[in-house]
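S.K.: This is the structure I want to talk about, given as structure tokens.
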Amino acid sequence: MKAKHIFWGFLFISLGVLILTNNISGIYWDWLGLWKLWPLLLILWGIGIMVKNNTAKIIIAGVAGIVFAISLFASFNTIVHLTNSNFDIVFDNKSDNRYEITNYTEPYTDNIKSASFYFKAGAGSFLTGDSTTSNLFYAHTEGIKNNYDVSRIINGNDAVIKMDMQENRIHIGKNGIRNRVEMNFNADPVWDLNFDVGAASLDLDLSHFKVKTLNIDMGAASLKVKLGNLSSRTDVDIQTGVSKVEINVPENAGCEIKSGGALNSSHFPGFYSAGSGLYRSEKFDSTSKKIYINLDADISSINIKRYSGDW
């Protein structure tokens, strides 16, 4: 029996077993992690080319068929899970209405010294404005009317703001797709910023703010961040899937990058390697202000660069 027949046989049998098990079983599998096995298929193919023994070729072909089936099914399952979890797509070609606009405002008082912001949404375009605000927080949204729930809790000198997307639907009509949020923050408090989004475009200019921590968890996305030097220490943690990532850090702040993930194209000009997956800017130890970036991205284009002055 030829190896290619074994490969296709094991592929279809494995796919059938996986689909059948998924349909009749209540067991949950983390397919998001299993789809990353696909590079093993390349390794097996390479070994199969070099091996001359027919029995070994047949075994390798069978294993490759199983791996390919798992990777293919896991990829499909992940996409379906992302779509079902984060948003529903609604086609409305008969509607001529323009996107509805909603503004959200949370007032600022001088006693607020630190603030935490939690943002959760599905697909869309999310960004910070070109300036600060005299309010504690201001947001301008375009899409579904009143589609976000904004709450505020004040505890002494600390404030907590939460902004959650309510109706996880994206309208596709004559005006195209729209779920856009422009956010503005007050420049006085020290901020802890948290973003949890799906397939999104996230563009954050945070150079005007005192950022203590920045946590970003996003799916397939485009991410652009500009950090400033108004805090003595800024900790950044980014978890993302298939993405284009651009991070800009000031030259007069020391920066350390800890990079993980698989199959990334990384470009860190002005940084030197300080160990496995660890990079630091020149004169890192002697700078008084530091930025620590922990980046875990899969199959992404990553560019972290330093800037001086305006850009």
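Residues are named by chain letter and number: chains run A, B, ... in the order of the structure tokens, numbers start at 1 in each chain, and ligands are numbered from 1 in the order shown.
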Would you pick out the contacts of Val211 of chain A at 8 Å or less, using only C-alpha atoms, so that residues sharing its chain but fewer than 3 positions from it are not included, and give the list as a ChimeraX atom specification?

M.R.: /A:190-193,206,214,230-231,234

S.K.: Just the selected residues (all heavy atoms), exported as an mmCIF file, in the first residue's frame, please.

M.R.:
```
data_model
loop_
_atom_site.group_PDB
_atom_site.id
_atom_site.type_symbol
_atom_site.label_atom_id
_atom_site.label_comp_id
_atom_site.auth_asym_id
_atom_site.auth_seq_id
_atom_site.Cartn_x
_atom_site.Cartn_y
_atom_site.Cartn_z
ATOM 1 N N VAL A 190 -3.004 58.029 38.072
ATOM 2 C CA VAL A 190 -2.170 56.925 37.597
ATOM 3 C C VAL A 190 -3.111 55.804 37.148
ATOM 4 O O VAL A 190 -3.985 55.379 37.904
ATOM 5 C CB VAL A 190 -1.226 56.425 38.710
ATOM 6 C CG1 VAL A 190 -0.419 55.222 38.234
ATOM 7 C CG2 VAL A 190 -0.298 57.549 39.162
ATOM 8 N N TRP A 191 -2.909 55.301 35.932
ATOM 9 C CA TRP A 191 -3.878 54.394 35.317
ATOM 10 C C TRP A 191 -3.406 52.950 35.252
ATOM 11 O O TRP A 191 -2.241 52.671 34.952
ATOM 12 C CB TRP A 191 -4.212 54.850 33.895
ATOM 13 C CG TRP A 191 -5.099 56.061 33.837
ATOM 14 C CD1 TRP A 191 -4.709 57.360 33.748
ATOM 15 C CD2 TRP A 191 -6.535 56.069 33.879
ATOM 16 N NE1 TRP A 191 -5.802 58.192 33.721
ATOM 17 C CE2 TRP A 191 -6.938 57.427 33.798
ATOM 18 C CE3 TRP A 191 -7.503 55.077 33.964
ATOM 19 C CZ2 TRP A 191 -8.290 57.797 33.803
ATOM 20 C CZ3 TRP A 191 -8.839 55.455 33.968
ATOM 21 C CH2 TRP A 191 -9.221 56.791 33.894
ATOM 22 N N ASP A 192 -4.348 52.033 35.531
ATOM 23 C CA ASP A 192 -4.224 50.622 35.202
ATOM 24 C C ASP A 192 -5.241 50.357 34.089
ATOM 25 O O ASP A 192 -6.454 50.474 34.319
ATOM 26 C CB ASP A 192 -4.525 49.723 36.411
ATOM 27 C CG ASP A 192 -3.480 49.843 37.499
ATOM 28 O OD1 ASP A 192 -2.293 49.886 37.161
ATOM 29 O OD2 ASP A 192 -3.868 49.897 38.687
ATOM 30 N N LEU A 193 -4.752 49.993 32.903
ATOM 31 C CA LEU A 193 -5.614 49.855 31.734
ATOM 32 C C LEU A 193 -5.693 48.396 31.303
ATOM 33 O O LEU A 193 -4.670 47.722 31.179
ATOM 34 C CB LEU A 193 -5.074 50.710 30.586
ATOM 35 C CG LEU A 193 -4.951 52.211 30.888
ATOM 36 C CD1 LEU A 193 -4.240 52.927 29.741
ATOM 37 C CD2 LEU A 193 -6.323 52.829 31.136
ATOM 38 N N LEU A 206 -0.961 56.296 24.409
ATOM 39 C CA LEU A 206 -0.994 56.480 25.861
ATOM 40 C C LEU A 206 0.143 57.345 26.355
ATOM 41 O O LEU A 206 0.449 57.350 27.543
ATOM 42 C CB LEU A 206 -0.935 55.100 26.541
ATOM 43 C CG LEU A 206 -2.010 54.101 26.099
ATOM 44 C CD1 LEU A 206 -1.774 52.742 26.750
ATOM 45 C CD2 LEU A 206 -3.408 54.616 26.424
ATOM 46 N N LEU A 214 -0.547 48.004 31.738
ATOM 47 C CA LEU A 214 -1.359 47.889 30.533
ATOM 48 C C LEU A 214 -1.477 46.410 30.210
ATOM 49 O O LEU A 214 -0.483 45.736 29.933
ATOM 50 C CB LEU A 214 -0.710 48.638 29.366
ATOM 51 C CG LEU A 214 -1.349 48.429 27.986
ATOM 52 C CD1 LEU A 214 -2.784 48.957 27.972
ATOM 53 C CD2 LEU A 214 -0.521 49.105 26.897
ATOM 54 N N LEU A 230 5.791 59.083 31.616
ATOM 55 C CA LEU A 230 5.272 59.848 32.744
ATOM 56 C C LEU A 230 5.221 59.032 34.026
ATOM 57 O O LEU A 230 4.967 59.591 35.088
ATOM 58 C CB LEU A 230 3.878 60.389 32.411
ATOM 59 C CG LEU A 230 3.810 61.343 31.209
ATOM 60 C CD1 LEU A 230 2.376 61.809 30.979
ATOM 61 C CD2 LEU A 230 4.739 62.531 31.419
ATOM 62 N N SER A 231 5.445 57.713 33.946
ATOM 63 C CA SER A 231 5.510 56.864 35.138
ATOM 64 C C SER A 231 6.923 56.337 35.305
ATOM 65 O O SER A 231 7.633 56.103 34.324
ATOM 66 C CB SER A 231 4.533 55.684 35.014
ATOM 67 O OG SER A 231 3.193 56.130 34.994
ATOM 68 N N THR A 234 6.352 51.154 34.055
ATOM 69 C CA THR A 234 5.156 50.715 33.353
ATOM 70 C C THR A 234 5.307 49.248 33.006
ATOM 71 O O THR A 234 6.306 48.841 32.393
ATOM 72 C CB THR A 234 4.928 51.530 32.064
ATOM 73 O OG1 THR A 234 4.768 52.918 32.389
ATOM 74 C CG2 THR A 234 3.681 51.045 31.339
#
```

S.K.: Once DSSP has gone over the backbone, tell me which residues of segment 56-262 of chain A are in strand (DSSP E or B), as a ChimeraX atom specification.

M.R.: /A:88-92,100-106,114-120,124-128,137-143,148-155,158-165,169-173,176-177,180-185,190-197,200-206,210-218,221-227,233-240,243-250,254-260

S.K.: In Å, how far is it from atom CA of Trp8 of chain A to atom CA of Ile70 of chain A?

M.R.: 13.4 Å

S.K.: I'd like to know which of A:Lys162, A:His140, A:Lys52, A:His267 is closest to Phe195 of chain A, using only C-alpha atoms.

M.R.: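 Checking each of A:Lys162, A:His140, A:Lys52, A:His267 against Phe195 of chain A, counting only C-alpha atoms, the winner is A:Lys162.
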
S.K.: Could you tell me how far atom CA of Ile101 of chain A lies from atom CA of Ala115 of chain A, in Å and to one decimal?

M.R.: 25.9 Å

S.K.: Near segment 277-289 of chain A, within 8 Å and counting only C-alpha atoms, which residues show up once chain neighbours fewer than 6 positions away are dropped, as a list of chain:residue names?

M.R.: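 Answer for this query is A:Asn229, A:Ser231, A:Ser232, A:Arg233, A:Asn252, A:Ala253, A:Gly254, A:Cys255, A:Glu256, A:Ile257, A:Lys258, A:Ser259, A:Gly260, A:Gly270, A:Phe271.
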
S.K.: Store the residues of this selection in a file with C-alpha atoms, as a CSV table (one decimal), in the first residue's frame.

M.R.:
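Output saved as again.csv:
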```csv
chain,number,residue,atom,x,y,z
A,229,ASN,CA,7.6,58.2,30.2
A,231,SER,CA,5.5,56.9,35.1
A,232,SER,CA,8.7,55.6,36.8
A,233,ARG,CA,7.6,52.1,35.9
A,252,ASN,CA,14.7,58.2,27.3
A,253,ALA,CA,13.1,55.3,29.2
A,254,GLY,CA,14.7,51.9,29.6
A,255,CYS,CA,12.7,49.1,28.0
A,256,GLU,CA,12.8,45.3,28.6
A,257,ILE,CA,11.0,42.9,26.2
A,258,LYS,CA,10.1,39.3,27.1
A,259,SER,CA,8.8,37.7,23.9
A,260,GLY,CA,7.2,34.3,23.6
A,270,GLY,CA,17.8,49.5,19.3
A,271,PHE,CA,17.5,46.4,21.6
```

S.K.: Could you tell me how far atom CA of Ala69 of chain A lies from atom CA of Leu11 of chain A, in Å and to one decimal?

M.R.: 5.3 Å

S.K.: Please return as a PyMOL selection string: the residues of segment 39-284 of chain A that backbone DSSP assigns to alpha helix (DSSP H).

M.R.: chain A and resi 39-50+54-86

S.K.: Keeping only N, CA and C atoms, write the selected residues as a tab-separated table (two decimals), in the first residue's frame.

M.R.:
```
chain	number	residue	atom	x	y	z
A	39	PRO	N	2.87	22.72	12.58
A	39	PRO	CA	4.26	22.63	12.12
A	39	PRO	C	4.84	21.22	12.21
A	40	LEU	N	4.25	20.38	13.08
A	40	LEU	CA	4.71	18.99	13.18
A	40	LEU	C	4.49	18.25	11.86
A	41	LEU	N	3.47	18.68	11.10
A	41	LEU	CA	3.21	18.06	9.81
A	41	LEU	C	4.39	18.28	8.86
A	42	LEU	N	4.98	19.47	8.87
A	42	LEU	CA	6.14	19.77	8.03
A	42	LEU	C	7.33	18.89	8.42
A	43	ILE	N	7.50	18.71	9.72
A	43	ILE	CA	8.61	17.88	10.20
A	43	ILE	C	8.44	16.44	9.73
A	44	LEU	N	7.22	15.92	9.85
A	44	LEU	CA	6.96	14.54	9.43
A	44	LEU	C	7.15	14.37	7.93
A	45	TRP	N	6.70	15.35	7.16
A	45	TRP	CA	6.90	15.28	5.71
A	45	TRP	C	8.38	15.25	5.36
A	46	GLY	N	9.15	16.11	6.07
A	46	GLY	CA	10.59	16.14	5.82
A	46	GLY	C	11.25	14.82	6.14
A	47	ILE	N	10.87	14.21	7.26
A	47	ILE	CA	11.42	12.90	7.63
A	47	ILE	C	11.01	11.85	6.61
A	48	GLY	N	9.76	11.92	6.15
A	48	GLY	CA	9.28	10.96	5.17
A	48	GLY	C	10.05	11.02	3.87
A	49	ILE	N	10.47	12.22	3.47
A	49	ILE	CA	11.25	12.36	2.24
A	49	ILE	C	12.61	11.69	2.37
A	50	MET	N	13.22	11.81	3.56
A	50	MET	CA	14.57	11.27	3.76
A	50	MET	C	14.58	9.77	4.01
A	54	ASN	N	10.07	1.51	3.33
A	54	ASN	CA	8.65	1.67	3.03
A	54	ASN	C	7.77	1.57	4.26
A	55	THR	N	8.11	0.66	5.18
A	55	THR	CA	7.32	0.51	6.40
A	55	THR	C	7.36	1.80	7.22
A	56	ALA	N	8.56	2.38	7.34
A	56	ALA	CA	8.70	3.64	8.08
A	56	ALA	C	7.91	4.75	7.40
A	57	LYS	N	7.93	4.78	6.05
A	57	LYS	CA	7.18	5.80	5.31
A	57	LYS	C	5.68	5.68	5.58
A	58	ILE	N	5.19	4.46	5.65
A	58	ILE	CA	3.76	4.23	5.90
A	58	ILE	C	3.38	4.70	7.30
A	59	ILE	N	4.24	4.40	8.29
A	59	ILE	CA	3.97	4.83	9.67
A	59	ILE	C	3.96	6.36	9.76
A	60	ILE	N	4.95	6.98	9.15
A	60	ILE	CA	5.04	8.45	9.17
A	60	ILE	C	3.83	9.06	8.47
A	61	ALA	N	3.41	8.47	7.34
A	61	ALA	CA	2.24	8.99	6.62
A	61	ALA	C	0.97	8.90	7.47
A	62	GLY	N	0.82	7.81	8.21
A	62	GLY	CA	-0.34	7.67	9.08
A	62	GLY	C	-0.37	8.70	10.18
A	63	VAL	N	0.80	8.89	10.82
A	63	VAL	CA	0.89	9.89	11.89
A	63	VAL	C	0.64	11.28	11.33
A	64	ALA	N	1.20	11.58	10.14
A	64	ALA	CA	0.99	12.88	9.51
A	64	ALA	C	-0.48	13.12	9.21
A	65	GLY	N	-1.19	12.07	8.77
A	65	GLY	CA	-2.63	12.21	8.51
A	65	GLY	C	-3.41	12.55	9.76
A	66	ILE	N	-3.04	11.93	10.87
A	66	ILE	CA	-3.71	12.21	12.15
A	66	ILE	C	-3.44	13.64	12.61
A	67	VAL	N	-2.15	14.06	12.52
A	67	VAL	CA	-1.78	15.42	12.93
A	67	VAL	C	-2.49	16.46	12.08
A	68	PHE	N	-2.54	16.22	10.77
A	68	PHE	CA	-3.21	17.16	9.87
A	68	PHE	C	-4.70	17.25	10.20
A	69	ALA	N	-5.32	16.12	10.50
A	69	ALA	CA	-6.74	16.10	10.85
A	69	ALA	C	-7.00	16.91	12.13
A	70	ILE	N	-6.15	16.70	13.14
A	70	ILE	CA	-6.32	17.43	14.40
A	70	ILE	C	-6.15	18.93	14.18
A	71	SER	N	-5.10	19.33	13.42
A	71	SER	CA	-4.84	20.74	13.17
A	71	SER	C	-5.98	21.39	12.39
A	72	LEU	N	-6.47	20.66	11.35
A	72	LEU	CA	-7.55	21.19	10.52
A	72	LEU	C	-8.83	21.36	11.32
A	73	PHE	N	-9.18	20.35	12.09
A	73	PHE	CA	-10.41	20.42	12.88
A	73	PHE	C	-10.29	21.48	13.97
A	74	ALA	N	-9.13	21.56	14.60
A	74	ALA	CA	-8.93	22.54	15.67
A	74	ALA	C	-9.00	23.96	15.14
A	75	SER	N	-8.46	24.20	13.94
A	75	SER	CA	-8.53	25.53	13.34
A	75	SER	C	-9.97	25.93	13.08
A	76	PHE	N	-10.74	25.02	12.49
A	76	PHE	CA	-12.16	25.30	12.22
A	76	PHE	C	-12.93	25.53	13.51
A	77	ASN	N	-12.67	24.69	14.51
A	77	ASN	CA	-13.37	24.79	15.79
A	77	ASN	C	-13.05	26.11	16.48
A	78	THR	N	-11.79	26.56	16.37
A	78	THR	CA	-11.38	27.81	16.99
A	78	THR	C	-12.07	29.00	16.35
A	79	ILE	N	-12.17	29.00	15.01
A	79	ILE	CA	-12.84	30.09	14.31
A	79	ILE	C	-14.31	30.15	14.69
A	80	VAL	N	-14.97	29.00	14.73
A	80	VAL	CA	-16.38	28.95	15.11
A	80	VAL	C	-16.57	29.45	16.54
A	81	HIS	N	-15.66	29.02	17.44
A	81	HIS	CA	-15.76	29.44	18.84
A	81	HIS	C	-15.57	30.95	18.96
A	82	LEU	N	-14.61	31.50	18.21
A	82	LEU	CA	-14.37	32.95	18.25
A	82	LEU	C	-15.60	33.71	17.79
A	83	THR	N	-16.20	33.23	16.67
A	83	THR	CA	-17.38	33.91	16.13
A	83	THR	C	-18.56	33.83	17.09
A	84	ASN	N	-18.80	32.64	17.65
A	84	ASN	CA	-19.94	32.47	18.54
A	84	ASN	C	-19.77	33.22	19.85
A	85	SER	N	-18.52	33.35	20.32
A	85	SER	CA	-18.27	33.94	21.62
A	85	SER	C	-18.28	35.46	21.58
A	86	ASN	N	-17.78	36.03	20.49
A	86	ASN	CA	-17.52	37.45	20.49
A	86	ASN	C	-18.57	38.27	19.74
```

S.K.: Would you please work out which residue, of A:Asn135, A:Ser114, A:Thr109, A:Asn103, is nearest to Asp149 of chain A when using only C-alpha atoms?

M.R.: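 Closest candidate: A:Asn103.
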
S.K.: Name the residues in contact with Phe137 of chain A at a cut-off of 6 Å, using only C-alpha atoms, excluding same-chain residues fewer than 5 positions from it; report them as number ranges by chain.

M.R.: A: 105-106, 184-185

S.K.: Which residue gives the smallest distance to Leu227 of chain A among A:Val249, A:Val181, A:Ile144, A:Ala199, with only C-alpha atoms counted?

M.R.: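 The shortest atom-to-atom distance to Leu227 of chain A comes from A:Val249.
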